[in-house]
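What follows is a set of notes on a single structure, which appears directly below.
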Amino acid sequence: MSEAPALPRAQAAPIQARRSGRLARFEPVTLLWVALIAILLFLVAFPLGKLLVVSFETRGTGEFTLMNYVSAYGRSRYVDALVNSLRLGLTSATIAVVMAVPMAWAVSRTDMPFKGLTWAVVLGAFILPPYLSAVGWILLAGPNSGFINLFWRWATGADGALVNIYSFSGMALVIALNAFPLVFIFVKSALDLVSSEMEDAANILGAGTWTAMRKVSLPLVWPAIMAGFIIVFLEAIALFGTPAIIGIPARINVVTTQLWQFFEYPVRVEVAAAYAMPLLLITAGMIVVQKLMLARKGYVSQTGKGGERRPIKLGPWRWVAFGWCAAVGLMAVIAPLFVLLQASFAKAWGRGLAWDNLTLANYRLLIFEHDMAMTSIWNTIWFSATAATIAVLLALMVAYIVNRKLVPFGEALGFLAMAPFVIPGIVMAIGFYAAYASPPFALYGTAAIIILAFAARFLPIAYANSSSAIRAVHPEMEEAARILGSGRLHAIWMITAPLVRKSLLGGWLIVFIVASRELSAAIFLVGPRTRTMSVLLYDLSEAGNFEVLAAFGGLLLVVTMVFVGIGMKLVGRDFMLRRN
Amino acid sequence: MTGITKRGLLGTTTALAAAAILPARRAAAQDMPAHERQLYEAAQREGELTWYTGQLQAEPSEAVGRAFTERYPGVRCNVVRTTSQVAFQRLSQDARARVAQCDVFSSTDYSHFTFLKREGRLMAYKPQNAAGMVKAAREAADPDGHFQVTYLALYMLARRTDRLSEAEAPKSWRELTDAKWRDKMAVGHPGFSGAIGNWAIMMKSMYGERYFREFERNKPQIGRSAGDPVTTLNAGERIVGVGIPSAATLFSISRGNPLALIYPTDGTLLVPAPSAAIANAPKPNAAKLFMEFACGSAYSRAVREFSAESLRPEVPPPEGSRPLDEIKTITPTPAQVQNEMTEVKELWRDIFGV
């Protein structure tokens, strides 16, 4: 950079010449690459690096210390929370796989009836925010007042409860009911690629449908099942709302609620950072295990010889398959949504459906009397929209550079863009708080910190989406334009952009929807005027006022449905569930 | 599908429009003492204030915010209602990030205020209206005037009237450790609710640590806010509410829920809950004005609608509550709250696991 003047003149001259030669070949894309690296470092690497550094700092003085780790793991209660989280993640992921894999198989490979309904259920479960289904399930399965238990007592005359939501298994089930669409999407799109010939071969060798599924189809999609399992695991250990709403009455402390406690006065960011470190190790470990388990085998199901795909005839069993999908749908979407709706129009939800129990007061309170409710709706919409735009644009540029191999080490960009995928959202939020809350950035309480955190957190979704979109466009079309004299940016704008527009819009909407219900990062970063709907819902849930809470959840769902509706209109019915 | 979506969109837009218009509707000018008018003029230039509060429940807190803007049109009150410990946590997070966002802070944990005062983070502003408050509020306020008591909160027991008769119901805190209340009770959490923290301090000093272990054996359902058990009782999940705020319960009773208050024989918990303007408040005049408002009679009239105790002699107590001087009350000393709050929270978490 500035060493040149220090060199003897004789040597400096050739360097100058070389430099101008390099400048001649300089493409603006290099600048873009540098800018992207800077942005990604700012969004992803710096908060995480800061988190690591802070975990070794003494509060106030900043001196090096290991005491944070001692404080973070020095009490058995704190260690228990970590163990609980791991158990919760594993249990939820297992339940989700058990629920979703048969559904994916039935939808992808068989002639099960009403596949559209199953799609709707998966979509519904994806849209319903986890804390709302947690509240729904409290109304359904509270040991004494839950509708399921009331019905059980009425029907059997029994004294006890059939199901108790305030338990470890209850919490794991609720999380799984919310997260199974992730497994479904992965496994279904993998199964879609397995050609019937493989199953045919098994059939010819004497295997029935059941054996062929067990021994051929499912093993072929094992990587997809693993990926789904890991995602649900990561989701489950990063959730904050469900453990706060169900876990506290159930007396189960987990990592996220424990991290929240470290933010009580005095705010111990350092201890929280130290406490979060093992989480990162565990998620990294899971990825390694996945790699090891998949390394030694081949899972190629797509070959050059285009295979035929036709649905397996299940006969009467197709109703069993449908029954399974319907049962999951009932538990995941229909039942909780129904009780939430009932509660939102009720004076006291425990009194059930009755004319004198009906009221619009909950909605009136939120829409006309509540100071923050409407502001938070607006905040949610514009934070999520801005974050989605940032994430998609950034992801698009990175995906383009990486896929077209425009710069050396382009993969580094791709790696940074995917990194947040393995970082639990709550850890990311604490990293953002540690890095950007205080001066010189002083972003705490501003919209910017939330938008940036959302953009960073959901960048991997946008990146996976953009990457597959770009890959689908062969470079020869751009090259044709460039041969005809178009510049690169012009070619991108005129040719590539129109081709990828639809799938980018789909990606934008998915980021928008997941951002609009985000709680575990937002809860650490909101200020009084930047509260989002999810944070306000959490605040409302403190006093257990489920009627108003349900009404607010209803409003949140209306907002989401509007955007899902727009997405379906513009991009196609299955935009959220497509995985390229 | 599309029909529903469009209708939803329309509803949301209408609601958003309504939300934008409503604050602009100005109430009629009211008679205002000179000191308030002066502050009001200065506060109008600031336009708004942010109030972190953990005292009243969400609905009355919102009502107080609206009553404030009604009395002082043009000055909006951003109500941030959480439990007291969470409100303090947010204030601490602000301080740690060196960002000033809060103008007035209210909680049910007295030690927050002694701490903030010691750190020099409270505005040295004594509201003139404080002189006309009831004796109990005046006496519990900061002698230097840095914080005022804006909520004389009573915490007691409640029962489901349809499932537990008055004769059968527990009469005292002490009785709650009896095995017959197993799986019947609901209570808030001292890690969230300042009031339950106060209650835990009193139980510990009256009956020792053993009380919590015995209480734990009865498996009370733990919520977060002290008001949470009111909902749990309404839902029929449990039948005895422990440490429930009288205000929220009386309000719920007035809405037709089958609840009744029980004044414990070993003392109803009286918590003088303070409010203060914050030293580095971004809207200092609006903060002072809010403190005047909270000490004045308009505030007492507003909270009385939600069955909270009146703080002004000229505003009668809420219906259904017994006058303060007729009941036996217990209150931890400020020193007790300051020294034992953290300890009692840890004790609770060790015993209850959350």
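Please note that chains go A, B, ... in the order of the structure tokens, that every chain numbers its residues from 1, and that ligands are numbered from 1 in the order shown.
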query: What residues in region 261-366 of chain A get the DSSP label helix (DSSP H, G or I)? Please answer as a PyMOL selection string.
result: chain A and resi 261-262+269-295+317-344+349-351+355-357+361-366
field: Residues of chain A within 7 Å of chain B, only C-alpha atoms counted, as a count of residues only
entry: 34
Residue neighbourhood region 117-129 of chain B, 7 Å, only C-alpha atoms, exclusion window fewer than 3 positions, as a VMD selection string: chain B and resid 113 to 114 132 145 to 146 276 to 279 291 to 292 295 to 296
Selected residues written out, C-alpha atoms, as a PDB file, in the first residue's frame:
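Saved to again-v8.pdb:
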ATOM      1  CA  PHE B 113     -34.432   2.802  43.642  1.00  0.00           C
ATOM      2  CA  THR B 114     -32.011   2.857  46.527  1.00  0.00           C
ATOM      3  CA  GLY B 132     -50.801  16.138  48.934  1.00  0.00           C
ATOM      4  CA  GLY B 145     -37.377  13.402  46.926  1.00  0.00           C
ATOM      5  CA  HIS B 146     -35.523  11.332  44.310  1.00  0.00           C
ATOM      6  CA  ALA B 276     -38.644   8.042  39.605  1.00  0.00           C
ATOM      7  CA  ALA B 277     -37.482  10.232  36.768  1.00  0.00           C
ATOM      8  CA  ILE B 278     -34.156   9.030  35.384  1.00  0.00           C
ATOM      9  CA  ALA B 279     -31.195  11.433  35.592  1.00  0.00           C
ATOM     10  CA  MET B 291     -43.884  12.452  38.075  1.00  0.00           C
ATOM     11  CA  GLU B 292     -46.217  15.365  38.924  1.00  0.00           C
ATOM     12  CA  CYS B 295     -48.407  12.093  42.421  1.00  0.00           C
ATOM     13  CA  GLY B 296     -51.573  13.978  41.519  1.00  0.00           C
TER      14      GLY B 296
END
message: as an MDAnalysis selection string, please: the residues near Glu166 (chain B) (cut-off 10 Å, only C-alpha atoms, same-chain neighbours under 4 positions excluded).
response: chainID B and resid 159:161 170:171 260:262
Include C-alpha atoms and write out the residues we just selected as a CSV table (one decimal), in the first residue's frame.
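This went into result26.csv:
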chain,number,residue,atom,x,y,z
B,159,ARG,CA,-59.5,-18.6,45.9
B,160,ARG,CA,-61.9,-19.9,43.3
B,161,THR,CA,-65.3,-19.4,44.9
B,170,PRO,CA,-56.3,-21.3,53.6
B,171,LYS,CA,-56.3,-18.4,56.1
B,260,ALA,CA,-62.5,-13.9,46.2
B,261,LEU,CA,-59.7,-12.3,48.1
B,262,ILE,CA,-58.4,-13.7,51.3
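If only C-alpha atoms are the atoms counted, then among A:Val83, A:Ala373, A:Leu43, A:Ile426 the closest residue to Ile451 (chain A) is A:Leu43.
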message: Report as a PyMOL selection string all protein, DNA and RNA residues lying within 10 Å of region 183-185 of chain A, evaluated on only C-alpha atoms, omitting residues in the same chain fewer than 4 positions from it.
response: chain A and resi 93+96-105+107+119+122+179+189-191+224-232+576-579
Selection export as a tab-separated table (two decimals), in the first residue's frame, atoms kept: C-alpha atoms:
chain	number	residue	atom	x	y	z
A	93	ALA	CA	-35.72	-33.51	16.59
A	96	ALA	CA	-40.15	-34.20	14.33
A	97	VAL	CA	-38.43	-36.84	12.19
A	98	VAL	CA	-40.91	-39.49	13.27
A	99	MET	CA	-43.78	-37.19	12.34
A	100	ALA	CA	-42.43	-35.78	9.12
A	101	VAL	CA	-40.69	-38.66	7.34
A	102	PRO	CA	-43.83	-40.78	6.82
A	103	MET	CA	-45.66	-37.65	5.70
A	104	ALA	CA	-42.94	-36.77	3.21
A	105	TRP	CA	-42.84	-40.34	1.92
A	107	VAL	CA	-46.79	-37.17	-0.28
A	119	TRP	CA	-49.36	-29.33	2.12
A	122	VAL	CA	-47.16	-28.18	6.65
A	179	ALA	CA	-40.53	-27.62	13.56
A	189	SER	CA	-37.56	-32.89	-1.99
A	190	ALA	CA	-34.94	-35.62	-1.64
A	191	LEU	CA	-37.54	-38.35	-2.16
A	224	ALA	CA	-31.83	-35.19	4.01
A	225	ILE	CA	-33.21	-36.79	7.18
A	226	MET	CA	-29.97	-35.98	8.97
A	227	ALA	CA	-30.04	-32.40	7.76
A	228	GLY	CA	-33.64	-32.03	8.90
A	229	PHE	CA	-32.79	-33.54	12.27
A	230	ILE	CA	-29.93	-31.12	12.78
A	231	ILE	CA	-31.98	-28.09	11.80
A	232	VAL	CA	-34.75	-29.00	14.22
A	576	MET	CA	-42.37	-21.65	0.80
A	577	LEU	CA	-41.93	-25.33	0.56
A	578	ARG	CA	-39.85	-25.57	-2.52
A	579	ARG	CA	-36.28	-26.45	-1.93
- prompt: Within 9 Å of region 461-469 of chain A, counting only C-alpha atoms, which residues qualify if same-chain residues fewer than 3 places away don't, as an NGL selection string?
  reply: :A and (388 or 391-400 or 402-403 or 414 or 417-418 or 421 or 457-458 or 472-473 or 499-501 or 503-504 or 506-508 or 510-511 or 579-580)
Would you pick out the contacts of Thr30 (chain A) at 10 Å or less, using only C-alpha atoms, so that residues sharing its chain but fewer than 6 positions from it are not included, and give the list as a short mmCIF file (atom, residue, chain, number, x, y, z; two decimals) with N, CA and C atoms, in the first residue's frame?
data_model
loop_
_atom_site.label_atom_id
_atom_site.label_comp_id
_atom_site.auth_asym_id
_atom_site.auth_seq_id
_atom_site.Cartn_x
_atom_site.Cartn_y
_atom_site.Cartn_z
N LEU A 36 -18.25 -6.76 -0.15
CA LEU A 36 -19.06 -7.85 0.38
C LEU A 36 -18.37 -8.51 1.56
N ILE A 401 -21.13 -14.17 -7.37
CA ILE A 401 -19.66 -14.20 -7.40
C ILE A 401 -19.13 -15.61 -7.19
N LEU A 406 -15.88 -15.57 -10.01
CA LEU A 406 -15.33 -14.31 -10.53
C LEU A 406 -14.05 -13.91 -9.82
N VAL A 407 -13.90 -14.34 -8.59
CA VAL A 407 -12.70 -13.95 -7.85
C VAL A 407 -12.10 -15.20 -7.22
N PRO A 408 -10.80 -15.17 -6.98
CA PRO A 408 -10.22 -16.29 -6.24
C PRO A 408 -10.75 -16.27 -4.81
#
task: Rank B:Glu346, B:Glu319, B:Asp162, B:Glu175 by their smallest atom-to-atom distance to Ile201 (chain B), using only C-alpha atoms, and report the top residue only.
output: B:Glu346
query: What is the distance, in Å and to one decimal place, between CA of Ala134 (chain A) and CA of Val514 (chain A)?
result: 16.9 Å
